[in-house]
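A.B. asks: If you scroll down you'll find the structure; I have some questions about it.
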Amino acid sequence: MLTSVLLLADSRLPSGGHGHSGGVEALVERGLLADVNDLTCFLNGRVRTAGLVVGAFAAVAALSRQEWPRWDWERWDAALDVRTTSSALREVSRAQGSALRRTVRLAWPDDPGLRGLDDIDQPHHPLVLGAAVAAAGGGHEQAAALAVHHLVGGAAAAAVRLLGLDPLRVTAAQAGLAPLADDVTAQAASIAVRAVADDDPDLLPADTTPMPEIMAELHAAEEVTLFAS
Amino acid sequence: MHRDDLGAEPRGTALAVAGRRDRRNLRIGIGGPVGGGKTALVAALCAQLRDELSVVVVTNDIYTEEDAEFLRRHAVLPDDRIRAVRTGCCPHTAIRDDITANLAAVEELITAHDPDLVLVESGGDNLTATFSYGLVDVQIFVVDVAGGDKVPRKGGPGVSRSDLLVINKTDLAPLVGADLAVMRADAERVRAGRPTVFTSLREAPQVPDVVRWVRAQLATWRPVQAM
């Protein structure tokens, strides 16, 4: 089980993540993120907001495994849609979800939960991730943890590439954020348990801040960018 | 480098084989270092083949839309037959280690146009770049004479193992002191019988040798889809 879940945690998992900067490129272009301290501040905010949201949705997907294929995917998918106010970010999440689905469907071809995803047009990334963690034998807490982990890791890797930051210092910054990420993960997981028990997507968090949403829209309108988001 | 990356058994995976049988379209990867003439070759192939075949292009240039703009400016293909994939500063990753974004772009174009031929152009990279055979069926590696006549000797997976090696800009050989005979001999030595062609896209933009090779690939492709 652990090895399978670690496959999903690996940034080398072929699922399109390397082409996304998690909002970092738009900030770098505008001089709003220039060093490791800026990156740490940015990630601190992202973990508390977007991290809580994607973690909770990934945990929901992992928890709902027993329900599949009868699980009402679209209702939860729509719940994540309304929590993602930037249409550019919604598209990014769906593109990454589709890419991940392609990979995990081949990796666990007989898993009924993942097979159930075939009918969804462009599923959101956190939900596919949660489903994949369940297929790999992991639990909802691990699903939440991986969602937060990729949110941080994608942005950190992009910052290294765009700014030539010292990758060792960036890793140290990620290590410094890990306790916060663990807290947020635990919070996301317990919220997900309640939401699934009550069968109520409205119980899930909707935390966000305006800046990443605005940046995502500006990025999508740019003529020349290195990252897809 | 991992042995699989060298493409020793490029078509060995069950997935790639199953994919071939299911598809009517041939996917050709076009890779190579910056400035060798990849985009010019794609444009030339489109111009030569578009009247008889349905052709689409996915471009991975590091500056995203730039190559697509080149193809549009030269009006070789309508806009809706070209997709640009952004590779996050890693053109190499997008054609080899994580091909998912390119696969998505290819599938969009196939859904929209049901093409005979899909050209996937990598972003400019270095001599270690190579396409995954999960993304393309055959690949062309483009280098140029101006990069120095020792390039074929250096090898690397693109030079050594690509299905066709194109050595472009032969018109510049006298200007840069490159010896084409040396390049030919070195290419033959490292390529173990795989074909190499010399081109000057400036002097002969119809690239007859490359077009002939592409036609031969299409000819051997079609019997497979009839199975």
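Lettering and numbering for the structure tokens are positional, with chains as A, B, ... in the shown order, residues counted from 1 in each chain, and ligands counted from 1 in the shown order.
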Chain A residues within 10 Å of chain B, counting only C-alpha atoms: which ones, as a PDB file with N, CA and C atoms, in the first residue's frame?
C.D. replies:
```
ATOM      1  N   ARG A  12       7.470  13.122 -10.025  1.00  0.00           N
ATOM      2  CA  ARG A  12       7.766  12.585 -11.365  1.00  0.00           C
ATOM      3  C   ARG A  12       6.613  11.778 -11.944  1.00  0.00           C
ATOM      4  N   LEU A  13       5.561  11.568 -11.142  1.00  0.00           N
ATOM      5  CA  LEU A  13       4.392  10.868 -11.674  1.00  0.00           C
ATOM      6  C   LEU A  13       3.926  11.595 -12.938  1.00  0.00           C
ATOM      7  N   PRO A  14       3.855  10.899 -14.075  1.00  0.00           N
ATOM      8  CA  PRO A  14       3.463  11.613 -15.300  1.00  0.00           C
ATOM      9  C   PRO A  14       1.985  11.981 -15.291  1.00  0.00           C
ATOM     10  N   SER A  15       1.696  13.197 -14.896  1.00  0.00           N
ATOM     11  CA  SER A  15       0.308  13.655 -14.857  1.00  0.00           C
ATOM     12  C   SER A  15       0.211  15.144 -15.147  1.00  0.00           C
ATOM     13  N   GLY A  16       1.193  15.668 -15.838  1.00  0.00           N
ATOM     14  CA  GLY A  16       1.115  17.043 -16.328  1.00  0.00           C
ATOM     15  C   GLY A  16       1.514  18.117 -15.342  1.00  0.00           C
ATOM     16  N   GLY A  17       1.851  17.739 -14.108  1.00  0.00           N
ATOM     17  CA  GLY A  17       2.138  18.735 -13.076  1.00  0.00           C
ATOM     18  C   GLY A  17       3.320  19.641 -13.383  1.00  0.00           C
ATOM     19  N   HIS A  18       4.289  19.103 -14.121  1.00  0.00           N
ATOM     20  CA  HIS A  18       5.500  19.897 -14.376  1.00  0.00           C
ATOM     21  C   HIS A  18       5.230  21.131 -15.229  1.00  0.00           C
ATOM     22  N   GLY A  19       4.106  21.149 -15.914  1.00  0.00           N
ATOM     23  CA  GLY A  19       3.780  22.298 -16.760  1.00  0.00           C
ATOM     24  C   GLY A  19       3.007  23.388 -16.037  1.00  0.00           C
ATOM     25  N   HIS A  20       2.788  23.208 -14.730  1.00  0.00           N
ATOM     26  CA  HIS A  20       2.014  24.188 -13.959  1.00  0.00           C
ATOM     27  C   HIS A  20       2.870  24.756 -12.827  1.00  0.00           C
ATOM     28  N   SER A  21       2.713  26.056 -12.566  1.00  0.00           N
ATOM     29  CA  SER A  21       3.534  26.688 -11.539  1.00  0.00           C
ATOM     30  C   SER A  21       2.742  27.005 -10.277  1.00  0.00           C
ATOM     31  N   GLU A  25       4.415  31.671 -11.581  1.00  0.00           N
ATOM     32  CA  GLU A  25       4.949  32.397 -12.728  1.00  0.00           C
ATOM     33  C   GLU A  25       4.339  33.801 -12.845  1.00  0.00           C
ATOM     34  N   ALA A  95      -8.069  20.139 -16.279  1.00  0.00           N
ATOM     35  CA  ALA A  95      -7.041  19.611 -17.194  1.00  0.00           C
ATOM     36  C   ALA A  95      -6.101  18.673 -16.433  1.00  0.00           C
ATOM     37  N   GLN A  96      -5.721  19.084 -15.227  1.00  0.00           N
ATOM     38  CA  GLN A  96      -4.812  18.243 -14.437  1.00  0.00           C
ATOM     39  C   GLN A  96      -5.519  16.983 -13.943  1.00  0.00           C
ATOM     40  N   SER A  98      -7.867  15.405 -15.579  1.00  0.00           N
ATOM     41  CA  SER A  98      -7.945  14.501 -16.731  1.00  0.00           C
ATOM     42  C   SER A  98      -6.607  13.814 -16.974  1.00  0.00           C
ATOM     43  N   ALA A  99      -5.529  14.582 -16.831  1.00  0.00           N
ATOM     44  CA  ALA A  99      -4.189  14.013 -17.048  1.00  0.00           C
ATOM     45  C   ALA A  99      -3.903  12.932 -16.006  1.00  0.00           C
ATOM     46  N   LEU A 100      -4.247  13.227 -14.761  1.00  0.00           N
ATOM     47  CA  LEU A 100      -4.001  12.247 -13.698  1.00  0.00           C
ATOM     48  C   LEU A 100      -4.865  11.006 -13.895  1.00  0.00           C
ATOM     49  N   ARG A 102      -5.841   9.692 -16.657  1.00  0.00           N
ATOM     50  CA  ARG A 102      -5.241   8.871 -17.702  1.00  0.00           C
ATOM     51  C   ARG A 102      -4.154   7.952 -17.109  1.00  0.00           C
ATOM     52  N   THR A 103      -3.338   8.539 -16.244  1.00  0.00           N
ATOM     53  CA  THR A 103      -2.221   7.788 -15.680  1.00  0.00           C
ATOM     54  C   THR A 103      -2.690   6.723 -14.688  1.00  0.00           C
ATOM     55  N   LEU A 106      -4.520   3.533 -16.025  1.00  0.00           N
ATOM     56  CA  LEU A 106      -3.609   2.494 -16.514  1.00  0.00           C
ATOM     57  C   LEU A 106      -2.899   1.787 -15.370  1.00  0.00           C
ATOM     58  N   ALA A 157       8.794  23.885  -7.084  1.00  0.00           N
ATOM     59  CA  ALA A 157       9.628  23.481  -8.224  1.00  0.00           C
ATOM     60  C   ALA A 157       9.635  24.571  -9.298  1.00  0.00           C
ATOM     61  N   ALA A 158       8.474  25.181  -9.514  1.00  0.00           N
ATOM     62  CA  ALA A 158       8.388  26.238 -10.528  1.00  0.00           C
ATOM     63  C   ALA A 158       9.239  27.444 -10.128  1.00  0.00           C
ATOM     64  N   ARG A 161      12.792  26.818 -10.950  1.00  0.00           N
ATOM     65  CA  ARG A 161      13.067  26.913 -12.387  1.00  0.00           C
ATOM     66  C   ARG A 161      13.038  28.350 -12.891  1.00  0.00           C
ATOM     67  N   LEU A 162      12.091  29.125 -12.394  1.00  0.00           N
ATOM     68  CA  LEU A 162      11.899  30.481 -12.938  1.00  0.00           C
ATOM     69  C   LEU A 162      12.917  31.470 -12.385  1.00  0.00           C
ATOM     70  N   GLU A 223       0.197  36.380 -23.510  1.00  0.00           N
ATOM     71  CA  GLU A 223       0.598  35.840 -24.806  1.00  0.00           C
ATOM     72  C   GLU A 223       1.709  34.794 -24.629  1.00  0.00           C
ATOM     73  N   VAL A 224       2.678  35.129 -23.815  1.00  0.00           N
ATOM     74  CA  VAL A 224       3.857  34.266 -23.682  1.00  0.00           C
ATOM     75  C   VAL A 224       4.037  33.849 -22.229  1.00  0.00           C
ATOM     76  N   THR A 225       3.851  32.582 -21.960  1.00  0.00           N
ATOM     77  CA  THR A 225       4.136  32.058 -20.617  1.00  0.00           C
ATOM     78  C   THR A 225       4.853  30.715 -20.771  1.00  0.00           C
ATOM     79  N   LEU A 226       5.625  30.383 -19.763  1.00  0.00           N
ATOM     80  CA  LEU A 226       6.350  29.112 -19.786  1.00  0.00           C
ATOM     81  C   LEU A 226       5.525  27.987 -19.183  1.00  0.00           C
ATOM     82  N   PHE A 227       4.684  28.339 -18.228  1.00  0.00           N
ATOM     83  CA  PHE A 227       3.845  27.356 -17.550  1.00  0.00           C
ATOM     84  C   PHE A 227       2.400  27.537 -18.002  1.00  0.00           C
ATOM     85  N   ALA A 228       1.653  26.444 -17.951  1.00  0.00           N
ATOM     86  CA  ALA A 228       0.250  26.501 -18.351  1.00  0.00           C
ATOM     87  C   ALA A 228      -0.583  27.261 -17.309  1.00  0.00           C
ATOM     88  N   SER A 229      -0.109  27.290 -16.063  1.00  0.00           N
ATOM     89  CA  SER A 229      -0.789  28.092 -15.035  1.00  0.00           C
ATOM     90  C   SER A 229       0.206  28.447 -13.943  1.00  0.00           C
TER      91      SER A 229
END
```
A.B. asks: Taking into account only C-alpha atoms, which residue in the set B:Pro115, B:Gly148, B:Gly32, B:Pro195 is nearest to His92 in chain B?
C.D. replies: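 The answer is B:Gly32, which sits nearest to His92 in chain B.
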A.B. asks: Which neighbours of range 201-211 of chain A fall inside 8 Å, counting only C-alpha atoms, when residues of the same chain fewer than 3 positions from it are skipped, and could you give them as a ChimeraX atom specification?
C.D. replies: /A:46,48-50,52-53,56-57,75-76,79,83,191-192,194-196,214-215
A.B. asks: Step one, run DSSP on the backbone; step two, keep only residues of range 70-223 of chain B assigned to helix (DSSP H, G or I); then write them as an MDAnalysis selection string.
C.D. replies: chainID B and resid 70:73 79:81 91:95 100:113 145:147 151:154 157:161 170:176 180:191 208:223
